[in-house]
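Below is upload_23.tsv, which holds TSV, C-alpha atoms.
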```
chain	number	residue	atom	x	y	z
O	27	MET	CA	23.91	-19.68	-16.83
O	28	SER	CA	24.47	-18.48	-20.36
O	29	ALA	CA	22.22	-16.01	-22.15
O	30	LEU	CA	20.84	-18.82	-24.33
O	31	GLY	CA	20.05	-20.92	-21.24
O	32	ARG	CA	18.23	-18.03	-19.59
O	33	THR	CA	16.24	-17.40	-22.75
O	34	ILE	CA	15.20	-21.05	-22.93
O	35	MET	CA	14.14	-21.03	-19.26
O	36	ILE	CA	12.10	-17.87	-19.77
O	37	TRP	CA	10.23	-19.35	-22.73
O	38	ILE	CA	9.57	-22.62	-20.90
O	39	SER	CA	8.23	-20.71	-17.91
O	40	ALA	CA	6.13	-18.41	-20.10
O	41	VAL	CA	4.53	-21.35	-21.93
O	42	GLY	CA	3.80	-23.13	-18.65
O	43	ILE	CA	2.21	-20.05	-17.12
O	44	ALA	CA	0.18	-19.44	-20.28
O	45	ILE	CA	-1.19	-23.01	-20.17
O	46	LEU	CA	-2.14	-22.67	-16.50
O	47	LEU	CA	-3.75	-19.28	-17.14
O	48	ALA	CA	-5.76	-20.57	-20.10
O	49	ARG	CA	-6.92	-23.58	-18.08
O	50	GLY	CA	-7.98	-21.38	-15.20
O	51	ILE	CA	-9.86	-18.90	-17.40
O	52	SER	CA	-11.66	-21.66	-19.29
O	53	GLY	CA	-13.09	-22.99	-16.02
O	54	LEU	CA	-14.52	-19.69	-14.82
O	55	PRO	CA	-18.32	-19.43	-14.51
O	56	GLY	CA	-20.21	-17.13	-16.83
O	57	PHE	CA	-20.36	-13.41	-16.11
O	58	GLY	CA	-23.04	-12.69	-13.52
O	59	ASN	CA	-23.29	-16.30	-12.42
O	60	TYR	CA	-23.27	-16.45	-8.62
O	61	PRO	CA	-22.64	-20.04	-7.47
O	62	GLY	CA	-22.84	-19.82	-3.68
O	63	PRO	CA	-24.68	-18.32	-0.70
O	64	TYR	CA	-21.68	-16.75	1.06
O	65	GLY	CA	-22.11	-13.27	-0.38
O	66	ASP	CA	-25.85	-13.23	0.30
O	67	MET	CA	-25.26	-14.25	3.91
O	68	ILE	CA	-22.68	-11.51	4.42
O	69	ASN	CA	-24.90	-8.85	2.85
O	70	HIS	CA	-27.76	-9.90	5.08
O	71	LEU	CA	-25.92	-10.39	8.38
O	72	ALA	CA	-23.00	-7.92	8.39
O	73	PRO	CA	-25.09	-4.72	8.69
O	74	TYR	CA	-26.77	-6.10	11.80
O	75	GLU	CA	-23.96	-8.15	13.37
O	76	ARG	CA	-21.20	-5.55	12.86
O	77	GLN	CA	-23.16	-2.32	12.32
O	78	VAL	CA	-21.35	-1.45	9.08
O	79	THR	CA	-22.66	-0.52	5.66
O	80	ASN	CA	-19.62	-1.83	3.74
O	81	ALA	CA	-19.86	-5.62	3.81
O	82	VAL	CA	-16.44	-5.99	2.15
O	83	SER	CA	-14.75	-4.26	5.10
O	84	ALA	CA	-16.68	-6.51	7.48
O	85	VAL	CA	-15.22	-9.54	5.71
O	86	ASN	CA	-11.68	-8.18	5.42
O	87	PHE	CA	-11.33	-6.75	8.91
O	88	ASP	CA	-13.64	-8.92	10.99
O	89	TYR	CA	-14.94	-12.22	9.64
O	90	ARG	CA	-11.62	-12.95	7.93
O	91	ALA	CA	-9.38	-10.50	9.78
O	92	LEU	CA	-6.66	-13.11	10.27
O	93	ASP	CA	-6.40	-13.63	6.49
O	94	THR	CA	-6.06	-9.89	5.99
O	95	LEU	CA	-3.34	-9.79	8.64
O	96	GLY	CA	-1.38	-12.27	6.54
O	97	GLU	CA	-1.90	-10.19	3.41
O	98	GLU	CA	-0.72	-7.06	5.22
O	99	PHE	CA	2.43	-8.76	6.42
O	100	MET	CA	3.10	-10.03	2.89
O	101	LEU	CA	3.39	-6.39	1.81
O	102	PHE	CA	5.43	-5.60	4.94
O	103	ALA	CA	7.83	-8.45	4.17
O	104	ALA	CA	8.09	-7.48	0.49
O	105	VAL	CA	8.97	-3.87	1.33
O	106	SER	CA	11.42	-4.98	4.02
O	107	GLY	CA	13.09	-7.34	1.56
O	108	LEU	CA	13.46	-4.63	-1.07
O	109	VAL	CA	14.94	-2.20	1.45
O	110	LEU	CA	17.36	-4.89	2.61
O	111	LEU	CA	18.45	-5.68	-0.94
O	112	LEU	CA	18.92	-2.08	-2.08
O	113	ARG	CA	20.34	-0.60	1.11
O	114	GLY	CA	24.11	-0.67	1.15
O	115	LYS	CA	24.37	-1.07	-2.61
O	116	ARG	CA	24.76	2.63	-3.13
O	117	GLY	CA	24.58	5.47	-0.59
O	118	GLU	CA	23.57	8.44	-2.68
O	119	ALA	CA	23.47	11.73	-0.84
O	120	ILE	CA	20.17	13.60	-0.69
O	121	SER	CA	21.68	16.44	-2.73
O	122	ALA	CA	23.18	14.12	-5.33
O	123	PRO	CA	22.28	14.89	-8.96
O	124	PRO	CA	20.24	12.45	-11.04
O	125	LEU	CA	21.94	10.03	-13.36
O	126	ALA	CA	22.22	11.35	-16.90
O	127	GLU	CA	21.97	9.12	-19.95
O	128	ARG	CA	24.26	9.87	-22.87
O	129	ASP	CA	22.77	12.59	-25.08
O	130	ARG	CA	19.75	12.79	-22.71
O	131	PRO	CA	20.50	15.35	-19.99
O	132	PRO	CA	17.87	15.75	-17.23
O	133	LYS	CA	15.32	18.42	-18.10
O	134	PRO	CA	13.94	20.93	-15.59
O	135	ARG	CA	10.28	20.65	-14.61
O	136	SER	CA	7.85	22.91	-16.39
O	137	ALA	CA	5.64	25.34	-14.51
O	138	ALA	CA	2.58	23.30	-15.51
O	139	VAL	CA	4.00	20.12	-13.96
O	140	HIS	CA	5.03	22.04	-10.85
O	141	TRP	CA	1.66	23.63	-10.14
O	142	MET	CA	-0.49	20.71	-11.27
O	143	SER	CA	1.46	18.34	-9.03
O	144	PHE	CA	1.00	20.61	-6.03
O	145	GLY	CA	-2.71	20.98	-6.79
O	146	PHE	CA	-3.37	17.27	-7.19
O	147	ALA	CA	-1.26	16.33	-4.16
O	148	GLY	CA	-3.61	18.02	-1.72
O	149	ALA	CA	-6.71	16.57	-3.36
O	150	LEU	CA	-5.25	13.04	-3.44
O	151	ILE	CA	-4.17	13.19	0.19
O	152	LEU	CA	-7.63	14.29	1.31
O	153	PHE	CA	-9.29	11.64	-0.82
O	154	GLY	CA	-6.90	8.99	0.50
O	155	PHE	CA	-7.69	9.87	4.11
O	156	TYR	CA	-11.40	9.80	3.30
O	157	MET	CA	-11.06	6.32	1.80
O	158	VAL	CA	-9.21	5.04	4.87
O	159	LEU	CA	-11.39	6.64	7.54
O	160	HIS	CA	-14.73	5.79	5.89
O	161	GLY	CA	-13.89	2.26	4.76
O	162	HIS	CA	-16.53	0.76	7.05
O	163	LEU	CA	-19.23	3.05	5.65
O	164	THR	CA	-18.52	3.46	1.94
O	165	PRO	CA	-16.57	1.54	-0.74
O	166	GLY	CA	-12.87	1.80	-0.02
O	167	GLY	CA	-10.73	0.97	2.96
O	168	GLY	CA	-7.18	0.85	4.22
O	169	PHE	CA	-5.64	-0.88	1.23
O	170	GLN	CA	-7.19	1.44	-1.32
O	171	GLY	CA	-6.76	4.62	0.69
O	172	GLY	CA	-3.23	3.69	1.72
O	173	ALA	CA	-2.24	3.11	-1.90
O	174	ILE	CA	-3.62	6.57	-2.79
O	175	LEU	CA	-1.78	8.25	0.09
O	176	GLY	CA	1.49	6.49	-0.73
O	177	THR	CA	1.22	7.38	-4.41
O	178	ALA	CA	0.44	11.01	-3.59
O	179	THR	CA	3.96	11.36	-2.17
O	180	LEU	CA	5.33	11.05	-5.70
O	181	LEU	CA	3.60	14.30	-6.59
O	182	VAL	CA	5.89	16.07	-4.11
O	183	TYR	CA	8.83	14.76	-6.11
O	184	LEU	CA	7.25	15.85	-9.41
O	185	ALA	CA	6.45	19.29	-8.04
O	186	THR	CA	9.90	19.98	-6.57
O	187	ASP	CA	13.05	17.87	-6.82
O	188	TYR	CA	14.70	14.91	-5.17
O	189	SER	CA	16.35	16.80	-2.30
O	190	VAL	CA	13.08	18.50	-1.28
O	191	TYR	CA	11.23	15.21	-1.63
O	192	ARG	CA	13.65	13.38	0.67
O	193	LYS	CA	13.78	16.17	3.25
O	194	SER	CA	9.99	16.52	3.42
O	195	LEU	CA	9.43	12.73	3.49
O	196	PRO	CA	12.39	11.16	5.31
O	197	LYS	CA	12.68	7.41	5.05
O	198	THR	CA	12.82	7.04	8.81
O	199	ALA	CA	9.31	8.49	9.01
O	200	ASP	CA	8.11	6.13	6.25
O	201	GLU	CA	9.60	3.17	8.10
O	202	PHE	CA	7.94	4.24	11.36
O	203	ILE	CA	4.53	4.69	9.71
O	204	GLU	CA	4.69	1.30	7.99
O	205	SER	CA	5.85	-0.45	11.17
O	206	ALA	CA	3.22	1.31	13.29
O	207	GLY	CA	0.44	0.18	10.96
O	208	ALA	CA	1.55	-3.44	11.17
O	209	ALA	CA	1.98	-3.22	14.95
O	210	ILE	CA	-1.45	-1.68	15.56
O	211	TYR	CA	-3.12	-4.54	13.66
O	212	VAL	CA	-1.43	-7.12	15.90
O	213	LEU	CA	-2.11	-5.10	19.06
O	214	VAL	CA	-5.84	-5.06	18.25
O	215	GLY	CA	-5.76	-8.85	18.16
O	216	LEU	CA	-3.81	-9.06	21.42
O	217	ALA	CA	-6.24	-6.63	23.08
O	218	ALA	CA	-9.09	-8.98	22.21
O	219	LEU	CA	-7.20	-11.84	23.87
O	220	LEU	CA	-6.72	-9.76	27.02
O	221	GLN	CA	-10.48	-9.19	27.17
O	222	GLY	CA	-11.15	-12.91	27.02
O	223	GLY	CA	-12.02	-13.14	23.34
O	224	ALA	CA	-10.34	-14.80	20.39
O	225	PHE	CA	-7.45	-13.19	18.52
O	226	LEU	CA	-8.81	-10.29	16.42
O	227	GLN	CA	-12.34	-10.87	17.74
O	228	ASN	CA	-14.40	-7.69	17.53
O	229	VAL	CA	-14.82	-6.84	21.22
O	230	LEU	CA	-15.26	-3.05	20.94
O	231	SER	CA	-18.59	-1.27	21.02
O	232	LEU	CA	-20.27	-1.64	17.64
O	233	GLY	CA	-22.13	1.68	17.77
O	234	GLN	CA	-24.96	2.48	15.38
O	235	ARG	CA	-24.89	1.53	11.71
O	236	GLY	CA	-24.28	4.47	9.39
O	237	GLN	CA	-22.43	6.54	12.01
O	238	PHE	CA	-18.73	7.31	11.82
O	239	PHE	CA	-18.04	5.65	15.19
O	240	SER	CA	-19.46	2.25	14.38
O	241	GLY	CA	-18.23	-1.20	13.49
O	242	GLY	CA	-16.20	-1.76	16.66
O	243	ALA	CA	-12.62	-2.75	15.81
O	244	ILE	CA	-13.17	-2.62	12.04
O	245	PRO	CA	-12.32	1.10	11.64
O	246	VAL	CA	-9.25	0.68	13.88
O	247	ILE	CA	-7.90	-2.21	11.79
O	248	ASN	CA	-8.84	-0.32	8.64
O	249	PHE	CA	-6.77	2.65	9.81
O	250	ALA	CA	-3.84	0.40	10.69
O	251	VAL	CA	-3.86	-1.12	7.23
O	252	GLY	CA	-4.00	2.36	5.70
O	253	LEU	CA	-0.90	3.39	7.66
O	254	GLU	CA	1.01	0.26	6.69
O	255	VAL	CA	0.16	0.46	2.99
O	256	ALA	CA	0.82	4.23	2.76
O	257	GLY	CA	4.15	3.92	4.56
O	258	GLY	CA	5.11	0.88	2.51
O	259	PHE	CA	4.40	2.55	-0.83
O	260	ALA	CA	6.20	5.75	0.19
O	261	LEU	CA	9.21	3.72	1.30
O	262	LEU	CA	9.25	1.81	-1.99
O	263	PHE	CA	9.20	5.03	-3.99
O	264	ALA	CA	11.99	6.52	-1.89
O	265	GLU	CA	14.16	3.44	-2.44
O	266	PHE	CA	13.51	3.37	-6.19
O	267	LEU	CA	14.20	7.09	-6.59
O	268	GLU	CA	17.50	6.68	-4.76
O	269	GLU	CA	18.56	4.33	-7.53
O	270	THR	CA	18.48	7.27	-9.96
O	271	ARG	CA	21.00	9.36	-8.01
O	272	GLU	CA	24.74	9.76	-8.42
O	273	GLU	CA	26.87	9.59	-5.32
O	274	LYS	CA	29.12	12.58	-4.72
O	275	PRO	CA	32.57	11.67	-3.38
O	276	GLY	CA	33.13	12.95	0.14
O	277	GLU	CA	29.47	13.68	0.86
O	278	LYS	CA	27.60	12.17	3.78
O	279	LYS	CA	25.58	9.24	2.58
O	280	GLY	CA	21.80	9.56	2.63
```

Written as C-alpha coordinates, how would this file's structure read?
Amino acid sequence: MSALGRTIMIWISAVGIAILLARGISGLPGFGNYPGPYGDMINHLAPYERQVTNAVSAVNFDYRALDTLGEEFMLFAAVSGLVLLLRGKRGEAISAPPLAERDRPPKPRSAAVHWMSFGFAGALILFGFYMVLHGHLTPGGGFQGGAILGTATLLVYLATDYSVYRKSLPKTADEFIESAGAAIYVLVGLAALLQGGAFLQNVLSLGQRGQFFSGGAIPVINFAVGLEVAGGFALLFAEFLEETREEKPGEKKG
(Lines of atoms letter the chains of each structure in order from A and count residues from 1; the text may use other names and numbers.)
(Lines give C-alpha, C1' and ligand atoms only; values in the text may rest on other atoms or scores of the structure.)
Protein backbone atom coordinates (compact mmCIF):
# COMPACT_ATOMS: atom_id res chain seq x y z
CA MET A 1 0.00 0.00 0.00
CA SER A 2 1.24 3.46 -0.86
CA ALA A 3 1.95 6.17 1.70
CA LEU A 4 -1.18 8.05 0.59
CA GLY A 5 -3.30 4.91 1.01
CA ARG A 6 -1.95 4.31 4.51
CA THR A 7 -2.63 7.92 5.44
CA ILE A 8 -6.22 7.66 4.22
CA MET A 9 -6.76 4.42 6.17
CA ILE A 10 -5.34 5.99 9.33
CA TRP A 11 -7.68 8.98 9.09
CA ILE A 12 -10.71 6.79 8.39
CA SER A 13 -9.86 4.62 11.38
CA ALA A 14 -9.22 7.64 13.61
CA VAL A 15 -12.57 9.22 12.70
CA GLY A 16 -14.40 5.94 13.31
CA ILE A 17 -12.77 5.44 16.69
CA ALA A 18 -13.49 9.06 17.65
CA ILE A 19 -17.19 8.61 16.82
CA LEU A 20 -17.40 5.41 18.86
CA LEU A 21 -15.56 7.04 21.77
CA ALA A 22 -17.82 10.10 21.73
CA ARG A 23 -20.91 7.90 21.62
CA GLY A 24 -19.68 5.82 24.53
CA ILE A 25 -18.77 8.83 26.67
CA SER A 26 -22.08 10.55 26.01
CA GLY A 27 -23.95 7.53 27.40
CA LEU A 28 -22.05 7.36 30.68
CA PRO A 29 -24.01 8.02 33.89
CA GLY A 30 -23.25 11.11 35.91
CA PHE A 31 -20.28 11.16 38.27
CA GLY A 32 -21.19 9.47 41.55
CA ASN A 33 -24.27 7.81 40.11
CA TYR A 34 -24.33 4.16 41.17
CA PRO A 35 -26.88 2.24 39.08
CA GLY A 36 -26.76 -1.27 40.51
CA PRO A 37 -26.55 -3.39 43.67
CA TYR A 38 -23.51 -5.50 42.71
CA GLY A 39 -20.93 -3.38 44.50
CA ASP A 40 -23.03 -3.11 47.65
CA MET A 41 -23.48 -6.88 47.75
CA ILE A 42 -19.75 -7.48 47.37
CA ASN A 43 -18.87 -4.95 50.07
CA HIS A 44 -21.34 -6.58 52.42
CA LEU A 45 -20.63 -10.26 51.71
CA ALA A 46 -16.93 -10.51 50.77
CA PRO A 47 -15.50 -9.69 54.24
CA TYR A 48 -17.56 -12.51 55.76
CA GLU A 49 -17.59 -15.07 52.92
CA ARG A 50 -13.89 -14.76 52.01
CA GLN A 51 -12.38 -13.17 55.14
CA VAL A 52 -10.67 -10.36 53.21
CA THR A 53 -10.72 -6.61 53.70
CA ASN A 54 -10.07 -5.76 50.02
CA ALA A 55 -13.31 -6.48 48.18
CA VAL A 56 -11.67 -5.79 44.79
CA SER A 57 -9.25 -8.68 45.31
CA ALA A 58 -12.16 -10.91 46.32
CA VAL A 59 -13.83 -10.14 43.00
CA ASN A 60 -10.69 -10.46 40.88
CA PHE A 61 -9.26 -13.60 42.44
CA ASP A 62 -12.34 -15.43 43.70
CA TYR A 63 -15.80 -14.45 42.51
CA ARG A 64 -14.52 -13.76 39.00
CA ALA A 65 -11.20 -15.60 39.14
CA LEU A 66 -11.77 -17.22 35.74
CA ASP A 67 -12.10 -13.76 34.11
CA THR A 68 -8.85 -12.67 35.72
CA LEU A 69 -7.17 -15.84 34.46
CA GLY A 70 -8.11 -14.77 30.93
CA GLU A 71 -6.75 -11.28 31.52
CA GLU A 72 -3.48 -12.70 32.85
CA PHE A 73 -3.04 -14.92 29.82
CA MET A 74 -3.75 -11.96 27.54
CA LEU A 75 -0.62 -10.33 28.95
CA PHE A 76 1.24 -13.64 28.74
CA ALA A 77 0.27 -14.02 25.07
CA ALA A 78 1.16 -10.40 24.29
CA VAL A 79 4.64 -10.74 25.81
CA SER A 80 5.18 -14.10 24.11
CA GLY A 81 4.17 -12.60 20.77
CA LEU A 82 6.55 -9.67 21.15
CA VAL A 83 9.44 -11.98 22.08
CA LEU A 84 8.64 -14.17 19.09
CA LEU A 85 8.56 -11.20 16.72
CA LEU A 86 11.77 -9.56 17.96
CA ARG A 87 13.84 -12.66 18.63
CA GLY A 88 15.94 -13.62 15.65
CA LYS A 89 15.71 -10.18 14.09
CA ARG A 90 18.96 -9.09 15.63
CA GLY A 91 21.21 -10.93 18.09
CA GLU A 92 23.03 -8.14 19.86
CA ALA A 93 25.70 -9.26 22.28
CA ILE A 94 25.34 -8.25 25.92
CA SER A 95 28.50 -6.15 25.67
CA ALA A 96 27.42 -4.46 22.44
CA PRO A 97 27.48 -0.65 22.46
CA PRO A 98 24.28 1.37 22.09
CA LEU A 99 23.24 2.72 18.74
CA ALA A 100 24.42 6.27 18.16
CA GLU A 101 22.41 8.82 16.21
CA ARG A 102 24.30 11.19 13.94
CA ASP A 103 25.64 14.16 15.92
CA ARG A 104 24.11 12.67 19.10
CA PRO A 105 26.67 10.38 20.74
CA PRO A 106 25.53 8.45 23.86
CA LYS A 107 26.24 10.39 27.04
CA PRO A 108 27.53 8.81 30.24
CA ARG A 109 25.22 8.70 33.26
CA SER A 110 25.65 11.40 35.84
CA ALA A 111 26.40 10.60 39.46
CA ALA A 112 22.95 11.91 40.44
CA VAL A 113 21.19 9.50 38.08
CA HIS A 114 23.39 6.64 39.26
CA TRP A 115 22.78 7.08 42.98
CA MET A 116 19.13 8.13 42.72
CA SER A 117 18.34 5.08 40.60
CA PHE A 118 19.99 2.76 43.10
CA GLY A 119 18.15 4.44 45.97
CA PHE A 120 14.72 4.30 44.36
CA ALA A 121 15.22 0.73 43.11
CA GLY A 122 15.28 -0.71 46.62
CA ALA A 123 12.30 1.32 47.75
CA LEU A 124 10.24 0.39 44.68
CA ILE A 125 11.04 -3.30 45.02
CA LEU A 126 9.97 -3.33 48.66
CA PHE A 127 6.81 -1.39 47.87
CA GLY A 128 6.03 -3.72 44.96
CA PHE A 129 6.35 -6.81 47.16
CA TYR A 130 4.16 -5.15 49.77
CA MET A 131 1.48 -4.46 47.17
CA VAL A 132 1.55 -8.06 45.95
CA LEU A 133 1.64 -9.79 49.34
CA HIS A 134 -1.00 -7.56 50.99
CA GLY A 135 -3.42 -7.35 48.07
CA HIS A 136 -6.14 -9.18 50.02
CA LEU A 137 -5.83 -6.76 52.95
CA THR A 138 -5.14 -3.33 51.48
CA PRO A 139 -5.63 -1.60 48.11
CA GLY A 140 -3.29 -3.13 45.57
CA GLY A 141 -2.69 -6.64 44.35
CA GLY A 142 -0.74 -8.72 41.89
CA PHE A 143 -1.31 -6.57 38.84
CA GLN A 144 -0.34 -3.33 40.54
CA GLY A 145 2.55 -4.75 42.53
CA GLY A 146 3.82 -6.76 39.58
CA ALA A 147 3.86 -3.66 37.39
CA ILE A 148 5.89 -1.83 40.08
CA LEU A 149 8.36 -4.71 40.42
CA GLY A 150 8.79 -5.04 36.67
CA THR A 151 9.31 -1.31 36.23
CA ALA A 152 11.84 -1.22 39.07
CA THR A 153 14.17 -3.36 36.94
CA LEU A 154 14.65 -0.39 34.63
CA LEU A 155 16.31 1.49 37.48
CA VAL A 156 19.10 -1.10 37.40
CA TYR A 157 19.69 -0.14 33.77
CA LEU A 158 19.63 3.58 34.60
CA ALA A 159 22.01 3.12 37.51
CA THR A 160 24.57 1.01 35.63
CA ASP A 161 24.65 0.10 31.95
CA TYR A 162 23.20 -2.43 29.55
CA SER A 163 25.74 -5.20 30.16
CA VAL A 164 25.27 -5.07 33.96
CA TYR A 165 21.51 -4.91 33.51
CA ARG A 166 21.43 -8.02 31.32
CA LYS A 167 23.82 -9.98 33.52
CA SER A 168 21.94 -9.17 36.72
CA LEU A 169 18.52 -9.81 35.12
CA PRO A 170 18.97 -12.55 32.51
CA LYS A 171 16.05 -13.07 30.17
CA THR A 172 15.89 -16.76 31.01
CA ALA A 173 15.06 -15.82 34.60
CA ASP A 174 12.40 -13.35 33.42
CA GLU A 175 10.86 -16.02 31.21
CA PHE A 176 10.83 -18.53 34.07
CA ILE A 177 9.21 -16.05 36.49
CA GLU A 178 6.51 -15.08 34.00
CA SER A 179 5.79 -18.72 33.11
CA ALA A 180 5.76 -19.78 36.77
CA GLY A 181 3.20 -17.10 37.62
CA ALA A 182 0.87 -18.24 34.84
CA ALA A 183 1.36 -21.90 35.78
CA ILE A 184 0.66 -21.37 39.49
CA TYR A 185 -2.67 -19.70 38.67
CA VAL A 186 -3.78 -22.72 36.62
CA LEU A 187 -2.47 -25.18 39.21
CA VAL A 188 -4.59 -23.50 41.90
CA GLY A 189 -7.64 -24.15 39.75
CA LEU A 190 -6.65 -27.77 39.11
CA ALA A 191 -6.03 -28.30 42.84
CA ALA A 192 -9.61 -27.22 43.52
CA LEU A 193 -10.83 -29.80 41.00
CA LEU A 194 -8.81 -32.53 42.71
CA GLN A 195 -10.50 -31.65 46.01
CA GLY A 196 -13.93 -32.05 44.46
CA GLY A 197 -14.67 -28.37 43.90
CA ALA A 198 -15.11 -26.27 40.78
CA PHE A 199 -12.17 -24.90 38.83
CA LEU A 200 -10.61 -22.02 40.83
CA GLN A 201 -13.08 -22.54 43.68
CA ASN A 202 -11.67 -21.25 46.96
CA VAL A 203 -11.16 -24.50 48.87
CA LEU A 204 -8.32 -23.42 51.19
CA SER A 205 -8.76 -22.36 54.78
CA LEU A 206 -10.09 -18.81 54.87
CA GLY A 207 -8.43 -17.86 58.16
CA GLN A 208 -9.44 -14.76 60.08
CA ARG A 209 -10.23 -11.46 58.40
CA GLY A 210 -7.51 -8.84 58.81
CA GLN A 211 -4.72 -11.40 59.29
CA PHE A 212 -1.96 -11.96 56.75
CA PHE A 213 -2.87 -15.65 56.34
CA SER A 214 -6.48 -15.18 55.36
CA GLY A 215 -8.62 -15.27 52.24
CA GLY A 216 -7.86 -18.88 51.32
CA ALA A 217 -6.63 -19.12 47.73
CA ILE A 218 -6.90 -15.37 47.08
CA PRO A 219 -3.36 -14.50 48.31
CA VAL A 220 -1.91 -17.45 46.35
CA ILE A 221 -3.53 -16.32 43.10
CA ASN A 222 -2.58 -12.75 43.90
CA PHE A 223 1.07 -13.80 44.25
CA ALA A 224 0.92 -15.77 41.00
CA VAL A 225 -0.39 -12.75 39.14
CA GLY A 226 2.36 -10.61 40.67
CA LEU A 227 5.00 -13.03 39.40
CA GLU A 228 3.53 -13.15 35.91
CA VAL A 229 3.15 -9.39 35.57
CA ALA A 230 6.60 -8.63 37.03
CA GLY A 231 8.29 -11.20 34.80
CA GLY A 232 6.33 -10.04 31.77
CA PHE A 233 7.23 -6.38 32.22
CA ALA A 234 10.90 -7.19 32.86
CA LEU A 235 10.99 -9.35 29.73
CA LEU A 236 9.39 -6.58 27.67
CA PHE A 237 11.97 -4.06 28.84
CA ALA A 238 14.82 -6.46 28.12
CA GLU A 239 13.54 -7.03 24.57
CA PHE A 240 13.06 -3.32 23.90
CA LEU A 241 16.49 -2.42 25.26
CA GLU A 242 18.08 -5.03 23.01
CA GLU A 243 16.73 -3.08 20.06
CA THR A 244 19.04 -0.20 20.99
CA ARG A 245 22.23 -2.28 20.75
CA GLU A 246 24.70 -2.71 17.91
CA GLU A 247 25.83 -6.21 17.09
CA LYS A 248 29.58 -6.76 17.14
CA PRO A 249 30.83 -9.05 14.36
CA GLY A 250 32.26 -12.29 15.68
CA GLU A 251 30.77 -11.95 19.16
CA LYS A 252 28.50 -14.57 20.69
CA LYS A 253 24.92 -13.49 20.31
CA GLY A 254 23.01 -12.56 23.46

For the atom pair atom CA of Gly65 of chain O and atom CA of Thr79 of chain O, what is the interatomic distance in Å to one decimal place? 14.1 Å

Quick one: distance from atom CA of Tyr89 of chain O to atom CA of Pro73 of chain O in Å, one decimal? 12.7 Å

Phe153 of chain O surroundings by all atoms listed in the file, 9 Å radius, close-in-sequence under 4 positions cut, as a ChimeraX atom specification: /O:148-149,157-158,171,174-175

Padding of 8 Å on every side, edges along x, y and z, all listed atoms of segment 258-272 of chain O included: what centre and edge lengths in Å, to one decimal, does that box have, as AutoDock Vina command-line options?
```
--center_x 14.6 --center_y 5.3 --center_z -3.7 --size_x 36.3 --size_y 24.9 --size_z 28.5
```

Env of Ser205 of chain O: 9 Å cut, atoms = only C-alpha atoms, seq-sep filter 2 positions within chain, self excluded. Answer as a VMD selection string. chain O and resid 102 200 to 203 207 to 210 253 to 254 257 to 258
